[in-house]
>>> print(open('my_file_37.txt').read())   # compact mmCIF, C-alpha atoms
# COMPACT_ATOMS: atom_id res chain seq x y z
CA MET G 258 33.81 131.34 55.09
CA SER G 259 32.03 133.05 52.24
CA ILE G 260 30.71 131.65 48.97
CA VAL G 261 30.48 133.72 45.81
CA VAL G 262 28.03 132.61 43.13
CA ILE G 263 28.84 133.87 39.67
CA GLY G 264 25.44 134.74 38.24
CA ARG G 265 22.33 136.21 39.80
CA ASN G 266 19.30 135.87 37.55
CA GLY G 267 19.94 132.46 35.99
CA GLN G 268 17.95 129.41 37.02
CA LEU G 269 20.61 127.78 39.18
CA ALA G 270 21.86 131.05 40.67
CA ARG G 271 18.33 131.95 41.79
CA ALA G 272 17.79 128.46 43.19
CA LEU G 273 21.09 128.63 45.09
CA ALA G 274 20.16 131.98 46.62
CA GLU G 275 16.72 130.68 47.58
CA ARG G 276 18.03 127.48 49.16
CA ALA G 277 20.97 129.18 50.91
CA ALA G 278 18.69 131.75 52.55
CA GLY G 279 17.38 129.09 54.92
CA GLU G 280 20.70 127.35 55.53
CA ASN G 281 22.79 130.03 57.23
CA LEU G 282 25.26 130.26 54.36
CA ASP G 283 27.30 133.40 53.72
CA LEU G 284 26.53 133.55 50.02
CA HIS G 285 27.06 136.50 47.68
CA THR G 286 26.03 136.72 44.04
CA LEU G 287 28.09 138.51 41.41
CA ALA G 288 26.72 139.58 38.05
CA ARG G 289 26.47 142.66 35.90
CA PRO G 290 27.17 145.50 36.54
CA GLU G 291 29.79 144.33 39.08
CA ILE G 292 31.29 141.89 36.60
CA ASP G 293 30.92 141.12 32.91
CA LEU G 294 31.74 137.57 31.89
CA ALA G 295 32.23 138.69 28.31
CA ARG G 296 35.14 140.74 29.66
CA ALA G 297 36.89 138.25 31.92
CA GLN G 298 39.32 140.89 33.21
CA THR G 299 36.47 142.32 35.33
CA LEU G 300 36.41 139.23 37.55
CA ALA G 301 39.58 139.59 39.61
CA PRO G 302 38.88 143.07 41.08
CA ALA G 303 35.45 141.96 42.36
CA LEU G 304 36.84 138.72 43.77
CA ASP G 305 39.76 140.52 45.41
CA ARG G 306 37.24 142.64 47.28
CA LEU G 307 35.14 139.71 48.52
CA ARG G 308 37.93 137.12 49.01
CA PRO G 309 35.60 134.07 48.99
CA ALA G 310 36.68 130.66 50.21
CA LEU G 311 34.58 129.06 47.46
CA ILE G 312 33.28 130.17 44.07
CA ILE G 313 30.29 128.54 42.37
CA ASN G 314 30.23 129.40 38.68
CA ALA G 315 26.53 129.14 37.85
CA ALA G 316 26.62 131.59 34.93
CA ALA G 317 26.91 130.65 31.28
CA TYR G 318 26.00 131.57 27.74
CA THR G 319 23.15 129.11 27.19
CA ALA G 320 21.53 130.26 23.92
CA VAL G 321 22.37 127.00 22.15
CA ASP G 322 21.19 127.97 18.67
CA GLN G 323 22.37 131.57 18.86
CA ALA G 324 25.86 130.36 19.77
CA GLU G 325 26.21 129.03 16.24
CA SER G 326 26.33 132.65 15.02
CA GLU G 327 28.10 134.00 18.13
CA PRO G 328 30.80 131.40 18.85
CA GLU G 329 33.31 134.01 20.05
CA LEU G 330 30.90 135.39 22.64
CA ALA G 331 29.95 131.89 23.79
CA ARG G 332 33.62 131.02 24.18
CA ALA G 333 34.38 134.24 26.07
CA ILE G 334 31.66 133.53 28.64
CA ASN G 335 31.84 129.73 28.80
CA ALA G 336 35.60 129.18 28.47
CA GLU G 337 37.65 132.33 28.99
CA ALA G 338 35.75 133.52 32.07
CA PRO G 339 35.98 130.11 33.82
CA ALA G 340 39.71 130.07 33.02
CA ARG G 341 40.09 133.43 34.81
CA LEU G 342 38.02 132.17 37.75
CA ALA G 343 40.18 129.05 37.98
CA ALA G 344 43.37 131.12 37.89
CA TRP G 345 42.08 133.38 40.66
CA CYS G 346 41.15 130.38 42.80
CA ALA G 347 44.53 128.74 42.22
CA GLY G 348 46.30 131.91 43.29
CA SER G 349 44.15 132.56 46.36
CA GLY G 350 43.64 129.00 47.60
CA ALA G 351 39.88 129.14 47.04
CA ALA G 352 37.91 126.19 45.70
CA LEU G 353 35.80 126.29 42.54
CA ILE G 354 32.56 124.49 41.69
CA HIS G 355 31.96 124.90 37.96
CA ILE G 356 28.67 123.95 36.27
CA SER G 357 28.82 122.31 32.86
CA THR G 358 26.46 120.50 30.51
CA ASP G 359 25.41 117.23 28.91
CA TYR G 360 25.91 118.92 25.52
CA VAL G 361 29.64 118.14 25.67
CA PHE G 362 28.62 114.70 24.28
CA ASP G 363 27.60 113.87 20.71
CA GLY G 364 24.66 111.70 21.79
CA ASP G 365 25.65 108.60 19.82
CA LYS G 366 26.14 106.34 22.85
CA MET G 367 23.38 103.82 23.52
CA GLY G 368 23.41 104.06 27.33
CA PRO G 369 23.99 106.80 29.92
CA TYR G 370 27.22 108.75 29.69
CA LEU G 371 29.90 108.31 32.34
CA GLU G 372 32.31 111.04 33.40
CA ASP G 373 35.16 109.12 31.74
CA ASP G 374 33.44 108.90 28.34
CA ILE G 375 35.18 110.95 25.68
CA PRO G 376 33.33 114.23 25.08
CA LEU G 377 32.62 115.14 21.47
CA PRO G 378 30.37 118.22 21.30
CA THR G 379 28.45 118.87 18.09
CA SER G 380 27.55 122.53 18.70
CA ALA G 381 29.38 125.80 19.33
CA TYR G 382 27.72 125.92 22.75
CA GLY G 383 28.93 122.41 23.63
CA ARG G 384 32.46 123.17 22.41
CA SER G 385 32.61 126.35 24.50
CA LYS G 386 31.44 124.49 27.62
CA LEU G 387 33.98 121.72 27.08
CA ALA G 388 36.73 124.32 26.72
CA GLY G 389 35.64 125.74 30.07
CA GLU G 390 35.86 122.32 31.69
CA VAL G 391 39.35 121.79 30.32
CA ALA G 392 40.53 125.20 31.53
CA VAL G 393 39.16 124.71 35.04
CA ALA G 394 40.65 121.22 35.40
CA ALA G 395 44.06 122.36 34.12
CA THR G 396 44.29 125.53 36.19
CA CYS G 397 42.65 124.97 39.58
CA PRO G 398 43.59 121.84 41.58
CA ARG G 399 40.74 122.39 44.08
CA HIS G 400 37.85 122.08 41.64
CA VAL G 401 34.57 120.21 41.26
CA ILE G 402 33.04 120.25 37.78
CA VAL G 403 29.33 119.39 37.77
CA ARG G 404 27.70 118.42 34.49
CA THR G 405 23.93 118.67 34.48
CA ALA G 406 21.11 118.53 31.92
CA TRP G 407 17.72 119.87 30.84
CA VAL G 408 17.46 122.36 33.71
CA HIS G 409 14.07 123.88 34.46
CA SER G 410 12.64 126.08 37.19
CA PRO G 411 9.83 128.56 37.91
CA TRP G 412 12.09 131.33 36.54
CA GLY G 413 13.64 132.37 33.25
CA ARG G 414 13.45 130.64 29.90
CA ASN G 415 13.08 126.89 30.05
CA PHE G 416 11.06 124.05 28.54
CA VAL G 417 8.50 123.78 31.34
CA ARG G 418 7.57 127.44 31.20
CA THR G 419 7.47 127.36 27.40
CA MET G 420 5.09 124.39 27.32
CA LEU G 421 2.72 125.94 29.85
CA ARG G 422 2.72 129.20 27.90
CA LEU G 423 1.93 127.41 24.63
CA ALA G 424 -0.89 125.47 26.27
CA GLU G 425 -2.64 128.72 27.14
CA THR G 426 -3.47 129.25 23.45
CA ARG G 427 -3.12 125.81 21.81
CA ARG G 428 -4.96 122.54 22.17
CA GLU G 429 -2.07 120.57 20.67
CA VAL G 430 1.72 121.00 20.56
CA SER G 431 4.32 119.05 18.55
CA VAL G 432 7.40 117.98 20.47
CA VAL G 433 10.54 116.06 19.52
CA ASP G 434 10.43 112.46 20.72
CA ASP G 435 13.81 111.08 19.57
CA GLN G 436 16.05 113.03 21.96
CA VAL G 437 16.40 111.71 25.53
CA GLY G 438 18.03 113.10 28.65
CA ASN G 439 17.61 113.86 32.36
CA PRO G 440 15.18 116.68 33.17
CA THR G 441 16.65 118.46 36.20
CA TYR G 442 14.81 120.78 38.59
CA ALA G 443 17.08 123.71 39.43
CA PRO G 444 16.31 123.70 43.19
CA HIS G 445 17.18 119.98 43.37
CA LEU G 446 20.46 120.71 41.60
CA ALA G 447 21.04 123.62 43.98
CA ASP G 448 20.61 121.30 46.96
CA ALA G 449 23.32 119.02 45.59
CA VAL G 450 25.68 121.90 44.84
CA ILE G 451 25.19 123.33 48.33
CA ALA G 452 25.90 119.90 49.84
CA ILE G 453 29.13 119.71 47.84
CA ALA G 454 29.98 123.26 48.96
CA ARG G 455 29.49 122.31 52.61
CA THR G 456 31.81 119.33 52.18
CA VAL G 457 34.43 121.57 50.60
CA LEU G 458 34.16 124.24 53.31
CA ALA G 459 34.26 121.67 56.11
CA GLY G 460 37.93 121.11 55.40
CA GLY G 461 39.75 117.91 54.66
CA GLU G 462 40.19 116.80 51.09
CA PRO G 463 36.95 116.13 49.21
CA ARG G 464 37.15 114.15 46.03
CA TRP G 465 37.96 116.84 43.52
CA GLY G 466 37.16 116.28 39.87
CA LEU G 467 34.29 115.76 37.47
CA TYR G 468 30.76 114.63 38.38
CA HIS G 469 27.38 114.24 36.74
CA ALA G 470 24.36 115.60 38.65
CA ALA G 471 20.95 115.41 37.02
CA GLY G 472 17.40 114.30 37.71
CA GLY G 473 16.87 110.58 38.22
CA GLY G 474 15.54 108.54 35.32
CA ARG G 475 15.26 109.76 31.76
CA ALA G 476 12.68 111.17 29.37
CA SER G 477 12.26 112.38 25.83
CA TRP G 478 11.19 115.96 25.25
CA ARG G 479 7.73 114.63 24.36
CA GLY G 480 7.62 112.56 27.53
CA LEU G 481 8.60 115.61 29.52
CA ALA G 482 5.89 117.70 27.86
CA ARG G 483 3.24 115.07 28.62
CA GLU G 484 4.26 115.02 32.28
CA ILE G 485 4.14 118.82 32.44
CA PHE G 486 0.60 118.90 31.09
CA ALA G 487 -0.54 116.03 33.30
CA CYS G 488 0.72 117.87 36.39
CA SER G 489 -0.76 121.16 35.26
CA GLY G 490 -4.11 119.62 34.39
CA ARG G 491 -4.45 118.11 37.85
CA LEU G 492 -3.95 121.57 39.33
CA GLY G 493 -6.41 123.28 37.02
CA GLY G 494 -3.68 124.83 34.92
CA PRO G 495 -3.19 124.88 31.14
CA SER G 496 -2.85 121.57 29.31
CA ALA G 497 -2.58 120.32 25.72
CA GLU G 498 -2.25 117.16 23.68
CA VAL G 499 1.31 116.30 22.63
CA THR G 500 2.12 115.05 19.13
CA ALA G 501 5.44 113.31 18.60
CA ILE G 502 7.77 114.56 15.87
CA ALA G 503 11.33 113.63 14.90
CA THR G 504 14.37 115.85 15.21
CA ALA G 505 14.48 115.98 11.42
CA ASP G 506 11.02 117.55 11.44
CA TYR G 507 12.21 120.40 13.67
CA PRO G 508 15.55 121.62 12.27
CA THR G 509 17.62 123.97 14.44
CA PRO G 510 20.93 125.77 13.84
CA ALA G 511 22.66 123.68 16.53
CA ARG G 512 22.64 119.90 16.49
CA ARG G 513 21.36 118.42 19.76
CA PRO G 514 22.56 115.05 21.04
CA ALA G 515 20.02 112.27 20.52
CA ASN G 516 21.02 110.76 23.86
CA SER G 517 22.49 112.96 26.56
CA THR G 518 21.49 110.82 29.53
CA LEU G 519 24.01 111.13 32.37
CA ASP G 520 25.06 108.39 34.79
CA CYS G 521 25.26 110.04 38.22
CA GLY G 522 26.66 107.12 40.21
CA ARG G 523 30.03 108.77 40.86
CA LEU G 524 28.33 111.68 42.65
CA GLU G 525 26.50 109.29 44.97
CA ARG G 526 29.63 107.28 45.71
CA ALA G 527 31.78 110.33 46.44
CA PHE G 528 29.31 112.65 48.20
CA GLY G 529 26.32 110.46 49.04
CA LEU G 530 24.12 112.60 46.82
CA ARG G 531 21.36 111.54 44.46
CA LEU G 532 18.92 113.97 42.86
CA PRO G 533 15.21 113.05 43.02
CA ASP G 534 13.44 111.45 40.07
CA TRP G 535 12.78 113.94 37.27
CA ARG G 536 9.00 113.58 37.66
CA GLU G 537 9.20 114.86 41.22
CA GLY G 538 11.03 117.93 40.02
CA VAL G 539 8.54 118.57 37.23
CA GLY G 540 5.66 118.25 39.68
CA GLU G 541 7.19 120.80 42.06
CA CYS G 542 8.09 123.16 39.23
CA VAL G 543 4.64 123.07 37.61
CA ALA G 544 2.92 123.50 40.97
CA ARG G 545 4.89 126.67 41.65
CA ILE G 546 4.32 128.13 38.19
CA VAL G 547 0.61 127.33 38.14
CA GLY G 548 0.23 128.52 41.72
CA ILE G 549 1.87 131.85 40.93
CA ALA G 550 -0.32 132.30 37.84
CA MET G 551 -3.51 131.49 39.75
CA ALA G 552 -2.58 133.81 42.61
CA ALA G 553 -1.94 136.61 40.13
CA ALA G 554 -5.30 135.97 38.43
CA ASP G 555 -7.12 135.96 41.76
CA GLY G 556 -5.41 139.23 42.67
CA ALA G 557 -6.40 140.83 39.39
CA MET G 558 -10.03 139.77 39.88
CA GLU G 559 -10.06 141.10 43.43
CA ASN G 560 -8.64 144.45 42.29
CA SER G 561 -11.27 144.73 39.56
CA ARG G 562 -14.16 144.50 41.98
>>> encode(input="my_file_37.txt", output="structure tokens")
Amino acid sequence: MSIVVIGRNGQLARALAERAAGENLDLHTLARPEIDLARAQTLAPALDRLRPALIINAAAYTAVDQAESEPELARAINAEAPARLAAWCAGSGAALIHISTDYVFDGDKMGPYLEDDIPLPTSAYGRSKLAGEVAVAATCPRHVIVRTAWVHSPWGRNFVRTMLRLAETRREVSVVDDQVGNPTYAPHLADAVIAIARTVLAGGEPRWGLYHAAGGGRASWRGLAREIFACSGRLGGPSAEVTAIATADYPTPARRPANSTLDCGRLERAFGLRLPDWREGVGECVARIVGIAMAAADGAMENSR
């Protein structure tokens, strides 16, 4: 019973492929040029050819600030494409796991957000992701929507890689300290998604619906940066001092939620799944990035001899 992952080069898609390789899963990835999420009509022909039992939509338009000037493109990829996926699944009997975001919330709540809290996105990106959630839930009965947050990995563009790159040339970096959330290591998220997929493919009736899945605990962006540099420093990698600044001191086109912490209790109750503490994920992520950099440096030195 095959699984199709929409996306190939994104953080979660790469983590899913990596984790599935050792788990005897029949997993295929779909991305350009086979499909183009900006043109949702390209999805059905590819899916008709593969006929998966389960689709994992791990692709999205994630350029949060750029979405403010490209809301139509963000909506096409984050809302219209998931709607087409949901319609295909409903017609074929396939199940759909759709990945969403903490940015569907406005961030004004004092404590962690529950799945039943009313979403109120403050950015074009958040609005497009919420529209995708609504379309999936309305169209495909056999769906699991997974909201996650602050995803990082050894690949692509993410906060961990950015901080380590900055520390190569700076002794000090300024980082926002009044936004909090759940840093989430992509391979840990992939493990949870694969576990949900196995439950779905095993038959029976899993608890369809909406779930939060993010790293345990919470941090501010500054707290995350400090942990990154602490881990890197212990490994002999780049490190820097972190100065706290306020959101107002670092204006961006899109408004970020001050608090986007997610309560993940429903996921544990329904599937018995709990992601590791965010610090564990950061430690693993930094170790891989620093290890790759050091191996490359050693290789360059060896070749120069």
>>> residues_near_point(input="my_file_37.txt", point="(37.8, 133.7, 35.8)", cutoff="9 Å", atoms="only C-alpha atoms", output="number ranges by chain")
G: 294, 297-301, 336-346
>>> write_last_selection(input="my_file_37.txt", atoms="C-alpha atoms", output="PDB file, in the frame of the given file")
ATOM      1  CA  LEU G 294      31.740 137.570  31.890  1.00  0.00           C
ATOM      2  CA  ALA G 297      36.890 138.250  31.920  1.00  0.00           C
ATOM      3  CA  GLN G 298      39.320 140.890  33.210  1.00  0.00           C
ATOM      4  CA  THR G 299      36.470 142.320  35.330  1.00  0.00           C
ATOM      5  CA  LEU G 300      36.410 139.230  37.550  1.00  0.00           C
ATOM      6  CA  ALA G 301      39.580 139.590  39.610  1.00  0.00           C
ATOM      7  CA  ALA G 336      35.600 129.180  28.470  1.00  0.00           C
ATOM      8  CA  GLU G 337      37.650 132.330  28.990  1.00  0.00           C
ATOM      9  CA  ALA G 338      35.750 133.520  32.070  1.00  0.00           C
ATOM     10  CA  PRO G 339      35.980 130.110  33.820  1.00  0.00           C
ATOM     11  CA  ALA G 340      39.710 130.070  33.020  1.00  0.00           C
ATOM     12  CA  ARG G 341      40.090 133.430  34.810  1.00  0.00           C
ATOM     13  CA  LEU G 342      38.020 132.170  37.750  1.00  0.00           C
ATOM     14  CA  ALA G 343      40.180 129.050  37.980  1.00  0.00           C
ATOM     15  CA  ALA G 344      43.370 131.120  37.890  1.00  0.00           C
ATOM     16  CA  TRP G 345      42.080 133.380  40.660  1.00  0.00           C
ATOM     17  CA  CYS G 346      41.150 130.380  42.800  1.00  0.00           C
TER      18      CYS G 346
END
>>> closest_residue(input="my_file_37.txt", among="G:Arg265, G:Arg422, G:His469, G:Arg483", to="His355 of chain G", atoms="all atoms listed in the file")
G:His469
>>> residues_around(input="my_file_37.txt", residues="Ile402 of chain G", least_positions_apart="6", cutoff="12 Å", atoms="all atoms listed in the file", output="ChimeraX atom specification")
/G:312-315,339,343,352-358,372,386-387,389-395,450,453-454,464-470,524
>>> atom_distance(input="my_file_37.txt", atom1="atom CA of Gly350 of chain G", atom2="atom CA of Pro398 of chain G")
9.4 Å
>>> atom_distance(input="my_file_37.txt", atom1="atom CA of Asp363 of chain G", atom2="atom CA of Trp412 of chain G")
28.2 Å
>>> residues_around(input="my_file_37.txt", residues="segment 317-331 of chain G", least_positions_apart="3", cutoff="6 Å", atoms="all atoms listed in the file", output="PDB file with C-alpha atoms, in the coordinates of the input")
ATOM      1  CA  ILE G 334      31.660 133.530  28.640  1.00  0.00           C
ATOM      2  CA  ASN G 335      31.840 129.730  28.800  1.00  0.00           C
ATOM      3  CA  ALA G 381      29.380 125.800  19.330  1.00  0.00           C
ATOM      4  CA  TYR G 382      27.720 125.920  22.750  1.00  0.00           C
ATOM      5  CA  PRO G 510      20.930 125.770  13.840  1.00  0.00           C
ATOM      6  CA  ALA G 511      22.660 123.680  16.530  1.00  0.00           C
TER       7      ALA G 511
END
>>> decode(input="my_file_37.txt", residues="segment 279-386 of chain G", atoms="C-alpha atoms", output="PDB file, in the first residue's frame")
ATOM      1  CA  GLY G 279      14.917   2.163   6.912  1.00  0.00           C
ATOM      2  CA  GLU G 280      11.317   1.219   7.645  1.00  0.00           C
ATOM      3  CA  ASN G 281      10.304  -0.789   4.581  1.00  0.00           C
ATOM      4  CA  LEU G 282       7.723   1.757   3.471  1.00  0.00           C
ATOM      5  CA  ASP G 283       6.646   2.067  -0.161  1.00  0.00           C
ATOM      6  CA  LEU G 284       7.038   5.822  -0.315  1.00  0.00           C
ATOM      7  CA  HIS G 285       7.171   8.001  -3.420  1.00  0.00           C
ATOM      8  CA  THR G 286       7.832  11.733  -3.557  1.00  0.00           C
ATOM      9  CA  LEU G 287       6.128  14.051  -6.029  1.00  0.00           C
ATOM     10  CA  ALA G 288       7.396  17.514  -6.865  1.00  0.00           C
ATOM     11  CA  ARG G 289       8.331  19.592  -9.865  1.00  0.00           C
ATOM     12  CA  PRO G 290       8.565  18.798 -12.740  1.00  0.00           C
ATOM     13  CA  GLU G 291       5.999  15.996 -12.230  1.00  0.00           C
ATOM     14  CA  ILE G 292       3.590  18.350 -10.489  1.00  0.00           C
ATOM     15  CA  ASP G 293       3.334  22.082  -9.872  1.00  0.00           C
ATOM     16  CA  LEU G 294       1.399  23.102  -6.782  1.00  0.00           C
ATOM     17  CA  ALA G 295       0.893  26.560  -8.213  1.00  0.00           C
ATOM     18  CA  ARG G 296      -1.126  24.821 -10.938  1.00  0.00           C
ATOM     19  CA  ALA G 297      -3.291  22.439  -8.930  1.00  0.00           C
ATOM     20  CA  GLN G 298      -4.677  20.803 -12.070  1.00  0.00           C
ATOM     21  CA  THR G 299      -1.329  18.996 -12.478  1.00  0.00           C
ATOM     22  CA  LEU G 300      -1.955  16.888  -9.370  1.00  0.00           C
ATOM     23  CA  ALA G 301      -4.646  14.457 -10.515  1.00  0.00           C
ATOM     24  CA  PRO G 302      -2.796  12.978 -13.542  1.00  0.00           C
ATOM     25  CA  ALA G 303       0.258  12.148 -11.410  1.00  0.00           C
ATOM     26  CA  LEU G 304      -1.870  10.668  -8.633  1.00  0.00           C
ATOM     27  CA  ASP G 305      -3.944   8.655 -11.096  1.00  0.00           C
ATOM     28  CA  ARG G 306      -0.723   7.036 -12.276  1.00  0.00           C
ATOM     29  CA  LEU G 307       0.536   6.135  -8.787  1.00  0.00           C
ATOM     30  CA  ARG G 308      -2.832   5.389  -7.099  1.00  0.00           C
ATOM     31  CA  PRO G 309      -1.526   5.767  -3.506  1.00  0.00           C
ATOM     32  CA  ALA G 310      -3.435   4.533  -0.485  1.00  0.00           C
ATOM     33  CA  LEU G 311      -2.203   7.555   1.482  1.00  0.00           C
ATOM     34  CA  ILE G 312      -0.991  11.032   0.589  1.00  0.00           C
ATOM     35  CA  ILE G 313       1.190  13.121   2.908  1.00  0.00           C
ATOM     36  CA  ASN G 314       1.123  16.766   1.882  1.00  0.00           C
ATOM     37  CA  ALA G 315       4.474  18.028   3.148  1.00  0.00           C
ATOM     38  CA  ALA G 316       4.806  20.853   0.608  1.00  0.00           C
ATOM     39  CA  ALA G 317       3.875  24.471   1.194  1.00  0.00           C
ATOM     40  CA  TYR G 318       4.640  28.065   0.357  1.00  0.00           C
ATOM     41  CA  THR G 319       6.567  29.015   3.505  1.00  0.00           C
ATOM     42  CA  ALA G 320       8.103  32.412   2.680  1.00  0.00           C
ATOM     43  CA  VAL G 321       6.160  34.169   5.431  1.00  0.00           C
ATOM     44  CA  ASP G 322       7.208  37.732   4.635  1.00  0.00           C
ATOM     45  CA  GLN G 323       7.163  37.300   0.866  1.00  0.00           C
ATOM     46  CA  ALA G 324       3.589  36.020   1.062  1.00  0.00           C
ATOM     47  CA  GLU G 325       2.501  39.529   2.011  1.00  0.00           C
ATOM     48  CA  SER G 326       3.328  40.618  -1.548  1.00  0.00           C
ATOM     49  CA  GLU G 327       2.370  37.291  -3.166  1.00  0.00           C
ATOM     50  CA  PRO G 328      -0.892  36.327  -1.426  1.00  0.00           C
ATOM     51  CA  GLU G 329      -2.380  34.763  -4.568  1.00  0.00           C
ATOM     52  CA  LEU G 330       0.592  32.437  -5.030  1.00  0.00           C
ATOM     53  CA  ALA G 331       0.580  31.514  -1.338  1.00  0.00           C
ATOM     54  CA  ARG G 332      -3.124  30.714  -1.547  1.00  0.00           C
ATOM     55  CA  ALA G 333      -2.696  28.660  -4.724  1.00  0.00           C
ATOM     56  CA  ILE G 334      -0.056  26.446  -3.097  1.00  0.00           C
ATOM     57  CA  ASN G 335      -1.337  26.373   0.485  1.00  0.00           C
ATOM     58  CA  ALA G 336      -5.101  26.277  -0.102  1.00  0.00           C
ATOM     59  CA  GLU G 337      -6.065  25.432  -3.680  1.00  0.00           C
ATOM     60  CA  ALA G 338      -3.584  22.565  -4.072  1.00  0.00           C
ATOM     61  CA  PRO G 339      -4.638  20.898  -0.769  1.00  0.00           C
ATOM     62  CA  ALA G 340      -8.269  21.256  -1.870  1.00  0.00           C
ATOM     63  CA  ARG G 341      -7.449  19.336  -5.071  1.00  0.00           C
ATOM     64  CA  LEU G 342      -5.553  16.695  -3.085  1.00  0.00           C
ATOM     65  CA  ALA G 343      -8.505  16.302  -0.722  1.00  0.00           C
ATOM     66  CA  ALA G 344     -10.932  15.962  -3.635  1.00  0.00           C
ATOM     67  CA  TRP G 345      -8.750  13.293  -5.245  1.00  0.00           C
ATOM     68  CA  CYS G 346      -8.533  11.365  -1.981  1.00  0.00           C
ATOM     69  CA  ALA G 347     -12.283  11.591  -1.426  1.00  0.00           C
ATOM     70  CA  GLY G 348     -12.917  10.227  -4.909  1.00  0.00           C
ATOM     71  CA  SER G 349     -10.360   7.417  -4.714  1.00  0.00           C
ATOM     72  CA  GLY G 350     -10.805   6.351  -1.088  1.00  0.00           C
ATOM     73  CA  ALA G 351      -7.251   7.344  -0.169  1.00  0.00           C
ATOM     74  CA  ALA G 352      -6.386   8.988   3.139  1.00  0.00           C
ATOM     75  CA  LEU G 353      -4.688  12.369   3.468  1.00  0.00           C
ATOM     76  CA  ILE G 354      -2.230  13.647   6.070  1.00  0.00           C
ATOM     77  CA  HIS G 355      -1.932  17.409   5.628  1.00  0.00           C
ATOM     78  CA  ILE G 356       0.739  19.493   7.385  1.00  0.00           C
ATOM     79  CA  SER G 357      -0.242  22.915   8.697  1.00  0.00           C
ATOM     80  CA  THR G 358       1.217  25.572  10.966  1.00  0.00           C
ATOM     81  CA  ASP G 359       1.082  27.381  14.292  1.00  0.00           C
ATOM     82  CA  TYR G 360       0.751  30.634  12.330  1.00  0.00           C
ATOM     83  CA  VAL G 361      -3.002  30.073  12.001  1.00  0.00           C
ATOM     84  CA  PHE G 362      -3.198  31.670  15.494  1.00  0.00           C
ATOM     85  CA  ASP G 363      -2.845  35.352  16.356  1.00  0.00           C
ATOM     86  CA  GLY G 364      -0.581  34.695  19.357  1.00  0.00           C
ATOM     87  CA  ASP G 365      -2.646  36.613  21.909  1.00  0.00           C
ATOM     88  CA  LYS G 366      -3.464  33.613  24.111  1.00  0.00           C
ATOM     89  CA  MET G 367      -1.519  33.342  27.355  1.00  0.00           C
ATOM     90  CA  GLY G 368      -1.082  29.554  27.355  1.00  0.00           C
ATOM     91  CA  PRO G 369      -0.547  26.833  24.731  1.00  0.00           C
ATOM     92  CA  TYR G 370      -3.063  26.635  21.911  1.00  0.00           C
ATOM     93  CA  LEU G 371      -5.459  23.694  21.721  1.00  0.00           C
ATOM     94  CA  GLU G 372      -6.839  22.289  18.480  1.00  0.00           C
ATOM     95  CA  ASP G 373     -10.283  23.654  19.379  1.00  0.00           C
ATOM     96  CA  ASP G 374      -9.062  27.234  19.883  1.00  0.00           C
ATOM     97  CA  ILE G 375     -10.388  29.611  17.254  1.00  0.00           C
ATOM     98  CA  PRO G 376      -7.718  30.332  14.619  1.00  0.00           C
ATOM     99  CA  LEU G 377      -7.159  33.973  13.738  1.00  0.00           C
ATOM    100  CA  PRO G 378      -4.123  34.323  11.444  1.00  0.00           C
ATOM    101  CA  THR G 379      -2.447  37.709  11.181  1.00  0.00           C
ATOM    102  CA  SER G 380      -0.447  37.113   7.979  1.00  0.00           C
ATOM    103  CA  ALA G 381      -1.145  36.176   4.370  1.00  0.00           C
ATOM    104  CA  TYR G 382       0.818  32.975   4.951  1.00  0.00           C
ATOM    105  CA  GLY G 383      -1.279  32.061   7.997  1.00  0.00           C
ATOM    106  CA  ARG G 384      -4.525  32.831   6.174  1.00  0.00           C
ATOM    107  CA  SER G 385      -3.514  30.650   3.227  1.00  0.00           C
ATOM    108  CA  LYS G 386      -2.633  27.744   5.526  1.00  0.00           C
TER     109      LYS G 386
END
